[in-house]
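Asks: Contents of model-v3.cif (mmCIF, C-alpha atoms and all ligand atoms):
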```cif
data_target
#
loop_
_atom_site.group_PDB
_atom_site.id
_atom_site.type_symbol
_atom_site.label_atom_id
_atom_site.label_comp_id
_atom_site.auth_asym_id
_atom_site.auth_seq_id
_atom_site.Cartn_x
_atom_site.Cartn_y
_atom_site.Cartn_z
ATOM 1 C CA MET A 1180 2.049 13.579 18.366
ATOM 2 C CA PRO A 1181 5.346 11.912 17.452
ATOM 3 C CA GLN A 1182 6.298 12.183 13.781
ATOM 4 C CA ALA A 1183 7.600 9.578 11.323
ATOM 5 C CA LYS A 1184 9.170 9.781 7.902
ATOM 6 C CA ILE A 1185 8.277 6.266 6.741
ATOM 7 C CA GLY A 1186 4.873 4.622 7.039
ATOM 8 C CA VAL A 1187 4.528 0.872 6.735
ATOM 9 C CA ILE A 1188 1.134 -0.671 6.102
ATOM 10 C CA GLY A 1189 1.446 -4.309 7.083
ATOM 11 C CA GLY A 1190 -0.825 -6.714 5.231
ATOM 12 C CA SER A 1191 -1.817 -10.316 5.898
ATOM 13 C CA GLY A 1192 0.722 -11.923 8.235
ATOM 14 C CA LEU A 1193 2.405 -8.655 9.248
ATOM 15 C CA TYR A 1194 0.738 -7.272 12.359
ATOM 16 C CA HIS A 1195 3.785 -6.138 14.377
ATOM 17 C CA MET A 1196 7.119 -4.656 13.402
ATOM 18 C CA GLU A 1197 9.793 -6.121 15.657
ATOM 19 C CA GLY A 1198 13.187 -4.520 15.935
ATOM 20 C CA MET A 1199 11.916 -0.943 16.313
ATOM 21 C CA THR A 1200 13.504 1.153 19.054
ATOM 22 C CA ASP A 1201 12.017 4.100 21.018
ATOM 23 C CA VAL A 1202 8.557 2.633 20.466
ATOM 24 C CA GLU A 1203 5.356 4.557 21.160
ATOM 25 C CA GLU A 1204 1.763 3.590 20.327
ATOM 26 C CA VAL A 1205 -0.537 6.343 19.087
ATOM 27 C CA LYS A 1206 -4.270 6.413 18.513
ATOM 28 C CA VAL A 1207 -4.945 8.781 15.630
ATOM 29 C CA GLN A 1208 -8.361 10.257 14.894
ATOM 30 C CA THR A 1209 -9.216 11.444 11.397
ATOM 31 C CA PRO A 1210 -12.174 13.137 9.627
ATOM 32 C CA PHE A 1211 -12.746 9.716 8.027
ATOM 33 C CA GLY A 1212 -13.026 7.716 11.233
ATOM 34 C CA ASP A 1213 -10.553 5.457 13.009
ATOM 35 C CA PRO A 1214 -7.628 3.782 11.243
ATOM 36 C CA SER A 1215 -7.394 -0.026 11.246
ATOM 37 C CA ASP A 1216 -5.614 -0.029 14.617
ATOM 38 C CA VAL A 1217 -3.277 1.956 16.831
ATOM 39 C CA ILE A 1218 -0.116 3.061 15.038
ATOM 40 C CA THR A 1219 3.277 2.074 16.404
ATOM 41 C CA ILE A 1220 5.965 4.699 15.974
ATOM 42 C CA GLY A 1221 9.627 3.988 16.534
ATOM 43 C CA LYS A 1222 13.011 3.918 14.881
ATOM 44 C CA VAL A 1223 14.299 1.388 12.367
ATOM 45 C CA SER A 1224 17.951 1.698 11.363
ATOM 46 C CA GLY A 1225 17.861 5.096 13.128
ATOM 47 C CA VAL A 1226 14.999 6.397 10.937
ATOM 48 C CA SER A 1227 11.515 7.175 12.259
ATOM 49 C CA MET A 1228 8.859 4.700 11.109
ATOM 50 C CA ALA A 1229 5.101 4.421 11.704
ATOM 51 C CA PHE A 1230 3.640 0.938 11.487
ATOM 52 C CA LEU A 1231 -0.054 0.216 10.884
ATOM 53 C CA PRO A 1232 -1.513 -3.282 10.425
ATOM 54 C CA ARG A 1233 -3.992 -2.950 7.527
ATOM 55 C CA HIS A 1234 -6.428 -5.596 8.750
ATOM 56 C CA GLY A 1235 -5.935 -4.676 12.429
ATOM 57 C CA ARG A 1236 -4.105 -6.811 14.966
ATOM 58 C CA GLY A 1237 -5.710 -10.232 14.954
ATOM 59 C CA HIS A 1238 -6.802 -9.681 11.329
ATOM 60 C CA ARG A 1239 -10.305 -8.332 12.038
ATOM 61 C CA LEU A 1240 -11.021 -6.299 8.889
ATOM 62 C CA SER A 1241 -11.820 -7.824 5.495
ATOM 63 C CA PRO A 1242 -10.323 -6.116 2.409
ATOM 64 C CA SER A 1243 -13.625 -4.284 1.755
ATOM 65 C CA GLU A 1244 -13.735 -3.077 5.373
ATOM 66 C CA VAL A 1245 -10.215 -1.643 5.565
ATOM 67 C CA PRO A 1246 -10.651 2.089 6.373
ATOM 68 C CA SER A 1247 -8.132 3.246 3.768
ATOM 69 C CA ARG A 1248 -9.067 6.928 3.950
ATOM 70 C CA ALA A 1249 -8.496 6.958 7.712
ATOM 71 C CA ASN A 1250 -5.267 4.949 7.346
ATOM 72 C CA ILE A 1251 -3.660 7.218 4.755
ATOM 73 C CA TRP A 1252 -4.891 10.375 6.503
ATOM 74 C CA ALA A 1253 -3.441 9.128 9.794
ATOM 75 C CA LEU A 1254 -0.038 8.461 8.222
ATOM 76 C CA LYS A 1255 -0.055 11.881 6.552
ATOM 77 C CA SER A 1256 -0.919 13.554 9.858
ATOM 78 C CA LEU A 1257 2.124 11.876 11.446
ATOM 79 C CA GLY A 1258 4.388 13.481 8.834
ATOM 80 C CA VAL A 1259 4.877 10.345 6.728
ATOM 81 C CA GLU A 1260 6.320 10.991 3.258
ATOM 82 C CA TRP A 1261 7.175 7.432 2.177
ATOM 83 C CA ALA A 1262 4.416 4.812 2.506
ATOM 84 C CA ILE A 1263 5.347 1.174 1.984
ATOM 85 C CA SER A 1264 2.725 -1.527 1.731
ATOM 86 C CA VAL A 1265 3.553 -5.164 2.422
ATOM 87 C CA SER A 1266 0.992 -7.381 0.697
ATOM 88 C CA ALA A 1267 0.243 -11.048 0.059
ATOM 89 C CA VAL A 1268 -0.589 -11.727 -3.593
ATOM 90 C CA GLY A 1269 -1.450 -14.611 -5.858
ATOM 91 C CA SER A 1270 0.767 -15.198 -8.894
ATOM 92 C CA LEU A 1271 -0.774 -15.159 -12.373
ATOM 93 C CA ARG A 1272 2.530 -16.108 -14.048
ATOM 94 C CA GLU A 1273 4.421 -19.381 -13.962
ATOM 95 C CA ASP A 1274 7.761 -17.622 -13.410
ATOM 96 C CA ILE A 1275 6.486 -15.758 -10.345
ATOM 97 C CA VAL A 1276 6.836 -18.651 -7.938
ATOM 98 C CA PRO A 1277 5.221 -18.657 -4.482
ATOM 99 C CA ARG A 1278 7.702 -17.025 -2.041
ATOM 100 C CA ASP A 1279 9.081 -14.741 -4.767
ATOM 101 C CA LEU A 1280 8.774 -11.000 -4.240
ATOM 102 C CA VAL A 1281 7.380 -8.529 -6.778
ATOM 103 C CA ILE A 1282 7.669 -4.729 -6.820
ATOM 104 C CA PRO A 1283 4.682 -3.955 -9.086
ATOM 105 C CA ASP A 1284 4.617 -0.873 -11.321
ATOM 106 C CA GLN A 1285 1.005 -0.979 -12.530
ATOM 107 C CA LEU A 1286 -2.469 -1.491 -11.105
ATOM 108 C CA PHE A 1287 -5.771 -2.669 -12.557
ATOM 109 C CA ASP A 1288 -8.945 -1.944 -10.613
ATOM 110 C CA ARG A 1289 -11.583 -4.658 -10.251
ATOM 111 C CA THR A 1290 -12.961 -3.467 -6.910
ATOM 112 C CA LYS A 1291 -16.628 -2.502 -6.675
ATOM 113 C CA ASP A 1292 -17.618 -1.340 -3.234
ATOM 114 C CA ARG A 1293 -14.976 1.131 -2.163
ATOM 115 C CA VAL A 1294 -14.739 4.902 -1.805
ATOM 116 C CA LYS A 1295 -11.698 5.873 -3.873
ATOM 117 C CA SER A 1296 -11.084 9.533 -3.160
ATOM 118 C CA PHE A 1297 -10.736 11.835 -0.163
ATOM 119 C CA TYR A 1298 -12.318 14.734 -1.974
ATOM 120 C CA GLU A 1299 -16.081 15.334 -1.799
ATOM 121 C CA GLY A 1300 -18.612 17.851 -0.527
ATOM 122 C CA GLY A 1301 -17.522 20.862 -2.561
ATOM 123 C CA VAL A 1302 -13.974 20.220 -3.703
ATOM 124 C CA VAL A 1303 -13.145 18.308 -6.895
ATOM 125 C CA VAL A 1304 -9.631 17.000 -7.568
ATOM 126 C CA HIS A 1305 -8.394 14.998 -10.587
ATOM 127 C CA CYS A 1306 -4.871 13.660 -9.904
ATOM 128 C CA SER A 1307 -2.786 11.809 -12.463
ATOM 129 C CA PHE A 1308 -2.698 8.079 -11.760
ATOM 130 C CA ALA A 1309 -1.061 6.841 -14.961
ATOM 131 C CA GLU A 1310 1.920 5.708 -12.881
ATOM 132 C CA PRO A 1311 0.204 4.484 -9.715
ATOM 133 C CA PHE A 1312 3.366 3.712 -7.748
ATOM 134 C CA CYS A 1313 6.284 5.970 -6.823
ATOM 135 C CA PRO A 1314 9.211 5.037 -9.089
ATOM 136 C CA THR A 1315 11.778 6.398 -6.613
ATOM 137 C CA LEU A 1316 10.480 4.264 -3.762
ATOM 138 C CA GLY A 1317 9.942 1.267 -6.067
ATOM 139 C CA SER A 1318 13.579 1.374 -7.210
ATOM 140 C CA LEU A 1319 14.866 1.549 -3.643
ATOM 141 C CA LEU A 1320 12.661 -1.367 -2.595
ATOM 142 C CA LEU A 1321 13.915 -3.377 -5.554
ATOM 143 C CA GLU A 1322 17.552 -2.581 -4.779
ATOM 144 C CA SER A 1323 17.054 -3.484 -1.102
ATOM 145 C CA ALA A 1324 15.257 -6.728 -1.973
ATOM 146 C CA ARG A 1325 18.042 -7.739 -4.363
ATOM 147 C CA GLU A 1326 20.628 -7.123 -1.656
ATOM 148 C CA LEU A 1327 19.038 -9.889 0.435
ATOM 149 C CA GLY A 1328 20.497 -12.353 -2.031
ATOM 150 C CA ASN A 1329 18.315 -15.279 -0.918
ATOM 151 C CA VAL A 1330 15.071 -14.289 -2.626
ATOM 152 C CA ASN A 1331 13.867 -14.068 -6.203
ATOM 153 C CA VAL A 1332 12.666 -10.513 -6.881
ATOM 154 C CA HIS A 1333 10.670 -9.374 -9.931
ATOM 155 C CA GLN A 1334 10.939 -5.813 -11.181
ATOM 156 C CA GLY A 1335 7.551 -4.405 -12.217
ATOM 157 C CA GLY A 1336 4.289 -6.124 -13.018
ATOM 158 C CA THR A 1337 0.583 -5.384 -12.953
ATOM 159 C CA TYR A 1338 -1.307 -5.984 -9.714
ATOM 160 C CA VAL A 1339 -5.011 -6.618 -10.348
ATOM 161 C CA CYS A 1340 -7.044 -5.641 -7.303
ATOM 162 C CA MET A 1341 -10.246 -7.667 -6.857
ATOM 163 C CA GLU A 1342 -13.012 -7.019 -4.339
ATOM 164 C CA GLY A 1343 -12.936 -10.328 -2.429
ATOM 165 C CA PRO A 1344 -13.147 -11.607 0.194
ATOM 166 C CA LEU A 1345 -13.702 -14.867 -1.726
ATOM 167 C CA PHE A 1346 -10.870 -15.778 -4.066
ATOM 168 C CA SER A 1347 -11.375 -15.720 -7.878
ATOM 169 C CA THR A 1348 -13.011 -18.357 -10.043
ATOM 170 C CA LYS A 1349 -10.842 -20.200 -12.580
ATOM 171 C CA ALA A 1350 -12.592 -18.282 -15.367
ATOM 172 C CA GLU A 1351 -11.702 -14.947 -13.760
ATOM 173 C CA SER A 1352 -8.135 -16.021 -13.041
ATOM 174 C CA ASN A 1353 -7.629 -17.100 -16.665
ATOM 175 C CA VAL A 1354 -9.145 -13.879 -17.997
ATOM 176 C CA TYR A 1355 -6.747 -11.829 -15.832
ATOM 177 C CA ARG A 1356 -3.862 -13.851 -17.261
ATOM 178 C CA LYS A 1357 -5.052 -13.254 -20.828
ATOM 179 C CA LEU A 1358 -5.351 -9.543 -20.085
ATOM 180 C CA GLY A 1359 -1.694 -9.484 -19.065
ATOM 181 C CA MET A 1360 -2.040 -9.161 -15.288
ATOM 182 C CA ASP A 1361 0.849 -10.522 -13.232
ATOM 183 C CA ILE A 1362 -0.295 -10.696 -9.617
ATOM 184 C CA ILE A 1363 -3.624 -10.509 -7.791
ATOM 185 C CA GLY A 1364 -4.631 -9.139 -4.416
ATOM 186 C CA MET A 1365 -7.494 -7.366 -2.669
ATOM 187 C CA THR A 1366 -6.004 -4.307 -0.989
ATOM 188 C CA ALA A 1367 -3.859 -2.080 -3.219
ATOM 189 C CA LEU A 1368 -6.944 -0.024 -4.073
ATOM 190 C CA PRO A 1369 -8.090 2.465 -3.012
ATOM 191 C CA GLU A 1370 -4.928 2.697 -0.873
ATOM 192 C CA ALA A 1371 -2.660 3.671 -3.785
ATOM 193 C CA LYS A 1372 -5.132 6.303 -5.036
ATOM 194 C CA LEU A 1373 -5.473 7.859 -1.598
ATOM 195 C CA ALA A 1374 -1.701 7.891 -1.122
ATOM 196 C CA ARG A 1375 -1.411 9.810 -4.404
ATOM 197 C CA GLU A 1376 -4.131 12.255 -3.299
ATOM 198 C CA ALA A 1377 -2.237 12.734 -0.032
ATOM 199 C CA GLU A 1378 1.000 13.321 -1.996
ATOM 200 C CA LEU A 1379 2.793 10.370 -0.402
ATOM 201 C CA CYS A 1380 5.395 8.322 -2.232
ATOM 202 C CA TYR A 1381 3.773 4.863 -2.205
ATOM 203 C CA ALA A 1382 4.948 1.425 -3.364
ATOM 204 C CA ILE A 1383 4.283 -2.224 -2.574
ATOM 205 C CA ILE A 1384 6.432 -5.169 -1.552
ATOM 206 C CA ALA A 1385 4.213 -7.960 -2.923
ATOM 207 C CA CYS A 1386 4.862 -11.403 -1.459
ATOM 208 C CA ALA A 1387 3.683 -14.151 -3.830
ATOM 209 C CA THR A 1388 1.960 -16.822 -1.778
ATOM 210 C CA ASP A 1389 0.149 -18.999 -4.347
ATOM 211 C CA TYR A 1390 -0.720 -19.539 -8.018
ATOM 212 C CA ASP A 1391 -4.331 -18.422 -7.464
ATOM 213 C CA CYS A 1392 -6.459 -21.078 -9.170
ATOM 214 C CA TRP A 1393 -5.424 -21.027 -12.846
ATOM 215 C CA TYR A 1394 -2.542 -23.533 -12.654
ATOM 216 C CA GLU A 1395 -4.081 -26.955 -13.308
ATOM 217 C CA SER A 1396 -1.178 -28.952 -11.827
ATOM 218 C CA GLU A 1397 -1.083 -26.844 -8.633
ATOM 219 C CA GLU A 1398 -3.557 -26.742 -5.783
ATOM 220 C CA SER A 1399 -5.915 -23.730 -5.835
ATOM 221 C CA VAL A 1400 -5.233 -20.942 -3.369
ATOM 222 C CA SER A 1401 -6.319 -21.491 0.225
ATOM 223 C CA VAL A 1402 -5.717 -19.593 3.457
ATOM 224 C CA ASP A 1403 -3.363 -22.380 4.667
ATOM 225 C CA MET A 1404 -1.260 -21.994 1.534
ATOM 226 C CA VAL A 1405 -1.105 -18.208 1.873
ATOM 227 C CA VAL A 1406 -0.168 -18.337 5.549
ATOM 228 C CA GLY A 1407 2.479 -21.040 5.023
ATOM 229 C CA ASN A 1408 4.285 -19.149 2.272
ATOM 230 C CA LEU A 1409 3.861 -15.806 3.954
ATOM 231 C CA SER A 1410 5.837 -16.599 7.075
ATOM 232 C CA ALA A 1411 9.040 -16.968 5.009
ATOM 233 C CA ASN A 1412 8.253 -13.885 2.966
ATOM 234 C CA ILE A 1413 7.388 -11.650 5.888
ATOM 235 C CA GLU A 1414 10.884 -12.096 7.338
ATOM 236 C CA ASN A 1415 12.343 -10.985 4.006
ATOM 237 C CA ALA A 1416 9.958 -8.029 3.858
ATOM 238 C CA LYS A 1417 11.090 -6.900 7.325
ATOM 239 C CA ARG A 1418 14.741 -7.066 6.267
ATOM 240 C CA ILE A 1419 13.930 -4.997 3.161
ATOM 241 C CA LEU A 1420 12.263 -2.362 5.350
ATOM 242 C CA GLN A 1421 15.399 -2.123 7.515
ATOM 243 C CA LYS A 1422 17.559 -1.648 4.428
ATOM 244 C CA VAL A 1423 15.305 0.826 2.649
ATOM 245 C CA ALA A 1424 15.036 3.001 5.766
ATOM 246 C CA GLN A 1425 18.746 3.758 5.365
ATOM 247 C CA LYS A 1426 18.459 4.563 1.658
ATOM 248 C CA LEU A 1427 15.534 6.979 1.557
ATOM 249 C CA PRO A 1428 16.635 10.517 0.662
ATOM 250 C CA ALA A 1429 16.335 13.092 3.455
ATOM 251 C CA ASP A 1430 14.594 15.517 1.117
ATOM 252 C CA ARG A 1431 11.932 14.505 -1.412
ATOM 253 C CA SER A 1432 12.212 17.740 -3.353
ATOM 254 C CA ALA A 1433 15.361 16.520 -5.106
ATOM 255 C CA GLN A 1434 13.488 13.479 -6.490
ATOM 256 C CA THR A 1435 12.074 13.220 -9.996
ATOM 257 C CA CYS A 1436 8.798 11.552 -8.939
ATOM 258 C CA ILE A 1437 5.619 13.633 -9.042
ATOM 259 C CA CYS A 1438 4.331 12.387 -5.691
ATOM 260 C CA GLU A 1439 5.223 15.345 -3.466
ATOM 261 C CA HIS A 1440 3.329 17.748 -5.767
ATOM 262 C CA ALA A 1441 0.723 15.330 -7.127
ATOM 263 C CA VAL A 1442 -2.234 17.575 -6.280
ATOM 264 C CA ALA A 1443 -0.754 20.878 -7.504
ATOM 265 C CA SER A 1444 -2.831 22.091 -10.493
ATOM 266 C CA THR A 1445 -5.370 19.253 -10.151
ATOM 267 C CA ILE A 1446 -7.983 21.078 -8.060
ATOM 268 C CA MET A 1447 -10.821 21.942 -10.448
ATOM 269 C CA THR A 1448 -12.914 23.847 -7.941
ATOM 270 C CA ASP A 1449 -12.595 27.617 -7.765
ATOM 271 C CA PRO A 1450 -11.065 28.193 -4.285
ATOM 272 C CA ALA A 1451 -13.437 31.132 -3.798
ATOM 273 C CA ARG A 1452 -16.341 28.660 -3.996
ATOM 274 C CA ILE A 1453 -14.971 26.087 -1.543
ATOM 275 C CA PRO A 1454 -16.911 26.481 1.723
ATOM 276 C CA ALA A 1455 -14.790 27.489 4.731
ATOM 277 C CA GLU A 1456 -15.598 24.273 6.595
ATOM 278 C CA VAL A 1457 -14.485 22.185 3.601
ATOM 279 C CA LYS A 1458 -11.222 24.147 3.425
ATOM 280 C CA GLU A 1459 -10.722 23.501 7.112
ATOM 281 C CA LYS A 1460 -11.440 19.789 6.749
ATOM 282 C CA TYR A 1461 -8.870 19.349 3.976
ATOM 283 C CA ASP A 1462 -6.223 21.675 5.373
ATOM 284 C CA LEU A 1463 -3.791 18.807 6.071
ATOM 285 C CA LEU A 1464 -3.868 17.626 2.453
ATOM 286 C CA ILE A 1465 -4.370 20.724 0.309
ATOM 287 C CA GLY A 1466 -4.327 23.754 2.600
ATOM 288 C CA ARG A 1467 -1.279 25.073 0.771
ATOM 289 C CA TYR A 1468 -3.166 25.102 -2.535
ATOM 290 C CA ILE A 1469 -6.535 26.541 -1.510
ATOM 291 C CA SER A 1470 -5.954 29.033 1.293
HETATM 292 C C1 LIG A 1501 -5.119 -14.129 3.445
HETATM 293 S S1 LIG A 1501 -5.095 -14.124 1.716
HETATM 294 C C2 LIG A 1501 -6.078 -12.782 1.150
HETATM 295 C C3 LIG A 1501 -5.740 -11.438 1.738
HETATM 296 O O1 LIG A 1501 -4.306 -11.255 1.736
HETATM 297 C C4 LIG A 1501 -4.010 -10.070 1.038
HETATM 298 O O2 LIG A 1501 -4.060 -8.990 1.953
HETATM 299 P P1 LIG A 1501 -2.896 -7.929 2.115
HETATM 300 O O3 LIG A 1501 -2.741 -7.223 0.787
HETATM 301 O O4 LIG A 1501 -3.351 -6.999 3.181
HETATM 302 O O5 LIG A 1501 -1.644 -8.698 2.479
HETATM 303 C C5 LIG A 1501 -5.132 -10.001 0.016
HETATM 304 O O6 LIG A 1501 -5.211 -8.733 -0.601
HETATM 305 C C6 LIG A 1501 -6.313 -10.382 0.829
HETATM 306 O O7 LIG A 1501 -6.796 -9.303 1.602
HETATM 307 N N1 LIG A 1502 -4.817 -15.646 -5.055
HETATM 308 C C1 LIG A 1502 -5.086 -14.527 -4.401
HETATM 309 N N2 LIG A 1502 -6.118 -13.739 -4.779
HETATM 310 C C2 LIG A 1502 -6.378 -12.582 -4.113
HETATM 311 N N3 LIG A 1502 -5.682 -12.160 -3.058
HETATM 312 C C3 LIG A 1502 -4.660 -12.911 -2.652
HETATM 313 N N4 LIG A 1502 -3.770 -12.751 -1.652
HETATM 314 C C4 LIG A 1502 -2.924 -13.786 -1.665
HETATM 315 N N5 LIG A 1502 -3.238 -14.656 -2.659
HETATM 316 C C5 LIG A 1502 -4.307 -14.122 -3.294
#
```
Kindly return the structure encoded in the file as structure tokens.
Replies:
Amino acid sequence: MPQAKIGVIGGSGLYHMEGMTDVEEVKVQTPFGDPSDVITIGKVSGVSMAFLPRHGRGHRLSPSEVPSRANIWALKSLGVEWAISVSAVGSLREDIVPRDLVIPDQLFDRTKDRVKSFYEGGVVVHCSFAEPFCPTLGSLLLESARELGNVNVHQGGTYVCMEGPLFSTKAESNVYRKLGMDIIGMTALPEAKLAREAELCYAIIACATDYDCWYESEESVSVDMVVGNLSANIENAKRILQKVAQKLPADRSAQTCICEHAVASTIMTDPARIPAEVKEKYDLLIGRYIS
């Protein structure tokens, strides 16, 4: 299997990553089923990158159907250390204008129907998730986005993740605003949790596409609105990815983020009591801690 240092999970509107060289398509199998689609591996700015469209090419998977465990496992198995999500979001703040970009630093979970951990069947792990995004990667995304010059970029903000697929009611949207949420989407969870459990550095380039439905003088969110505003944003997101590829440190061990060692000391289960087949299953993620 070819290897890649950066993994990009493309959201709504981002199904292909043009401009990659030395391209190869790989079909990865995981203990959690098939990822959303084949993964394209190539080079961007001379750095190896794996690209996976979250909803599949042709946008076939709803947010609740995205196989996040398979997606994150597949990226990990390709050697990915830095996972970047590109996501469409609604804005819950007047000053986050559609077509602005946000690099969120917090998450609030309103999903209901999703499996949120890799670990089950005899191994119990409790990772810290107080800081759900990698601050090292977030800073580099912010710096790269600011270098574009032609786009308004917001540093930090809370992404509230709803179940969907229907958009929110006005009552819900207004409650999220009162609670201090900044942007809303349907896909950051469980992806961010699984990335932490897989010890990946993970952050989001959030492309604001609409004002959801709280803003009385603006039209409520619709697919047409999202798609229209996304096409401009997606080009910016691709340029950010090219820039950030050149900035990522060669070695994560020199970084101050906890991501690379996120699971160390979080395994509650006595290794002597973890069945051999469970150890084998999780070797990719935690073999170094339980063997
Ligand atoms: C087409 S609007 C709703 C859809 O877009 C976002 O997806 P993604 O984060 O993958 O860009 C949102 O979360 C919904 O899934
Ligand atoms: N308003 C919104 N709510 C949820 N997900 C979204 N993705 C883009 N806009 C959204």
Asks: Run the PyMOL selection byres (((chain A and resi 1411-1414) around 10) and not hetatm) mentally over the shown coordinates, then write out the matched residues as a ChimeraX atom specification, using the chain letters and numbers from the document.
Replies: /A:1189-1193,1265-1267,1277-1280,1330,1384-1388,1406-1410,1415-1419
Asks: Any residue with an atom at most 10 Å from ligand LIG 1501 (chain A) counts, using all atoms listed in the file. Which are they? Put them as a PyMOL selection string.
Replies: chain A and resi 1188-1193+1232-1235+1238+1240-1243+1245+1264-1269+1339-1346+1363-1368+1383-1389+1400-1406+1409
Asks: Pull out every residue that the PyMOL selection byres (((chain A and resi 1349) around 10) and not hetatm) matches in the shown coordinates and put them as a ChimeraX atom specification.
Replies: /A:1346-1348,1350-1355,1391-1395,1399
Asks: Could you turn the residues from that selection into a file that holds C-alpha atoms, as a PDB file, keeping the file's coordinate frame?
Replies:
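And here's part-v1.pdb as it stands now:
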```pdb
ATOM      1  CA  PHE A1346     -10.870 -15.778  -4.066  1.00  0.00           C
ATOM      2  CA  SER A1347     -11.375 -15.720  -7.878  1.00  0.00           C
ATOM      3  CA  THR A1348     -13.011 -18.357 -10.043  1.00  0.00           C
ATOM      4  CA  ALA A1350     -12.592 -18.282 -15.367  1.00  0.00           C
ATOM      5  CA  GLU A1351     -11.702 -14.947 -13.760  1.00  0.00           C
ATOM      6  CA  SER A1352      -8.135 -16.021 -13.041  1.00  0.00           C
ATOM      7  CA  ASN A1353      -7.629 -17.100 -16.665  1.00  0.00           C
ATOM      8  CA  VAL A1354      -9.145 -13.879 -17.997  1.00  0.00           C
ATOM      9  CA  TYR A1355      -6.747 -11.829 -15.832  1.00  0.00           C
ATOM     10  CA  ASP A1391      -4.331 -18.422  -7.464  1.00  0.00           C
ATOM     11  CA  CYS A1392      -6.459 -21.078  -9.170  1.00  0.00           C
ATOM     12  CA  TRP A1393      -5.424 -21.027 -12.846  1.00  0.00           C
ATOM     13  CA  TYR A1394      -2.542 -23.533 -12.654  1.00  0.00           C
ATOM     14  CA  GLU A1395      -4.081 -26.955 -13.308  1.00  0.00           C
ATOM     15  CA  SER A1399      -5.915 -23.730  -5.835  1.00  0.00           C
TER      16      SER A1399
END
```
Asks: I'd like a table as a tab-separated table: residues in stretch 1323-1377 of chain A with an atom no more than 8 Å from stretch 1296-1312 of chain A, each row giving the shortest atom pair and its distance in Å to one decimal, only C-alpha atoms counted, sorted by chain and rising residue number.
Replies:
```
residue	atom	partner	partner_atom	distance
A:Pro1369	CA	A:Ser1296	CA	7.7
A:Ala1371	CA	A:Pro1311	CA	6.6
A:Lys1372	CA	A:Ser1296	CA	7.0
A:Leu1373	CA	A:Ser1296	CA	6.1
A:Arg1375	CA	A:Cys1306	CA	7.6
A:Glu1376	CA	A:Cys1306	CA	6.8
```
Asks: Could you check which of A:Ala1429, A:Leu1271, A:Ala1382, A:Ile1465 is closest to ligand LIG 1502 (chain A), using all atoms listed in the file?
Replies: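 Comparing A:Ala1429, A:Leu1271, A:Ala1382, A:Ile1465 against ligand LIG 1502 (chain A), the winner is A:Leu1271.
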Asks: Any chance you could work out the axis-aligned box around stretch 1326-1335 of chain A, listed atoms only, 5 Å on each side, giving centre and edge lengths in Å to one decimal, as JSON?
Replies:
```
{"center_x": 14.1, "center_y": -9.8, "center_z": -5.9, "size_x": 23.1, "size_y": 20.9, "size_z": 22.7}
```
Asks: Taking all atoms listed in the file into account, which of A:Val1281, A:Val1332, A:Ile1362, A:Leu1427 comes nearest ligand LIG 1502 (chain A)?
Replies: A:Ile1362
Asks: Any idea what the distance is between atom CA of A:Glu1397 and atom CA of A:Thr1290?
Replies: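 That distance, rounded to one decimal, is 26.3 Å.
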Asks: Expressed in Å to a single decimal, how great is the separation between atom CA of A:Val1207 and atom CA of A:Lys1222?
Replies: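 Calculated distance between atom CA of A:Val1207 and atom CA of A:Lys1222 is 18.6 Å.
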Asks: What would stretch 1256-1265 of chain A look like with N, CA and C atoms in place, written as a PDB file, in the frame of the given file?
Replies:
```pdb
ATOM      1  N   SER A1256      -0.904  12.652   8.699  1.00  0.00           N
ATOM      2  CA  SER A1256      -0.919  13.554   9.858  1.00  0.00           C
ATOM      3  C   SER A1256       0.286  13.313  10.769  1.00  0.00           C
ATOM      4  N   LEU A1257       0.915  12.151  10.647  1.00  0.00           N
ATOM      5  CA  LEU A1257       2.124  11.876  11.446  1.00  0.00           C
ATOM      6  C   LEU A1257       3.390  12.333  10.728  1.00  0.00           C
ATOM      7  N   GLY A1258       3.227  12.953   9.557  1.00  0.00           N
ATOM      8  CA  GLY A1258       4.388  13.481   8.834  1.00  0.00           C
ATOM      9  C   GLY A1258       5.000  12.492   7.848  1.00  0.00           C
ATOM     10  N   VAL A1259       4.319  11.356   7.638  1.00  0.00           N
ATOM     11  CA  VAL A1259       4.877  10.345   6.728  1.00  0.00           C
ATOM     12  C   VAL A1259       4.982  10.900   5.307  1.00  0.00           C
ATOM     13  N   GLU A1260       6.110  10.610   4.665  1.00  0.00           N
ATOM     14  CA  GLU A1260       6.320  10.991   3.258  1.00  0.00           C
ATOM     15  C   GLU A1260       6.418   9.752   2.370  1.00  0.00           C
ATOM     16  N   TRP A1261       6.960   8.663   2.937  1.00  0.00           N
ATOM     17  CA  TRP A1261       7.175   7.432   2.177  1.00  0.00           C
ATOM     18  C   TRP A1261       6.270   6.352   2.776  1.00  0.00           C
ATOM     19  N   ALA A1262       5.329   5.848   1.991  1.00  0.00           N
ATOM     20  CA  ALA A1262       4.416   4.812   2.506  1.00  0.00           C
ATOM     21  C   ALA A1262       4.691   3.501   1.779  1.00  0.00           C
ATOM     22  N   ILE A1263       4.999   2.472   2.566  1.00  0.00           N
ATOM     23  CA  ILE A1263       5.347   1.174   1.984  1.00  0.00           C
ATOM     24  C   ILE A1263       4.297   0.157   2.417  1.00  0.00           C
ATOM     25  N   SER A1264       3.700  -0.486   1.429  1.00  0.00           N
ATOM     26  CA  SER A1264       2.725  -1.527   1.731  1.00  0.00           C
ATOM     27  C   SER A1264       3.399  -2.891   1.594  1.00  0.00           C
ATOM     28  N   VAL A1265       3.115  -3.768   2.551  1.00  0.00           N
ATOM     29  CA  VAL A1265       3.553  -5.164   2.422  1.00  0.00           C
ATOM     30  C   VAL A1265       2.285  -5.981   2.215  1.00  0.00           C
TER      31      VAL A1265
END
```
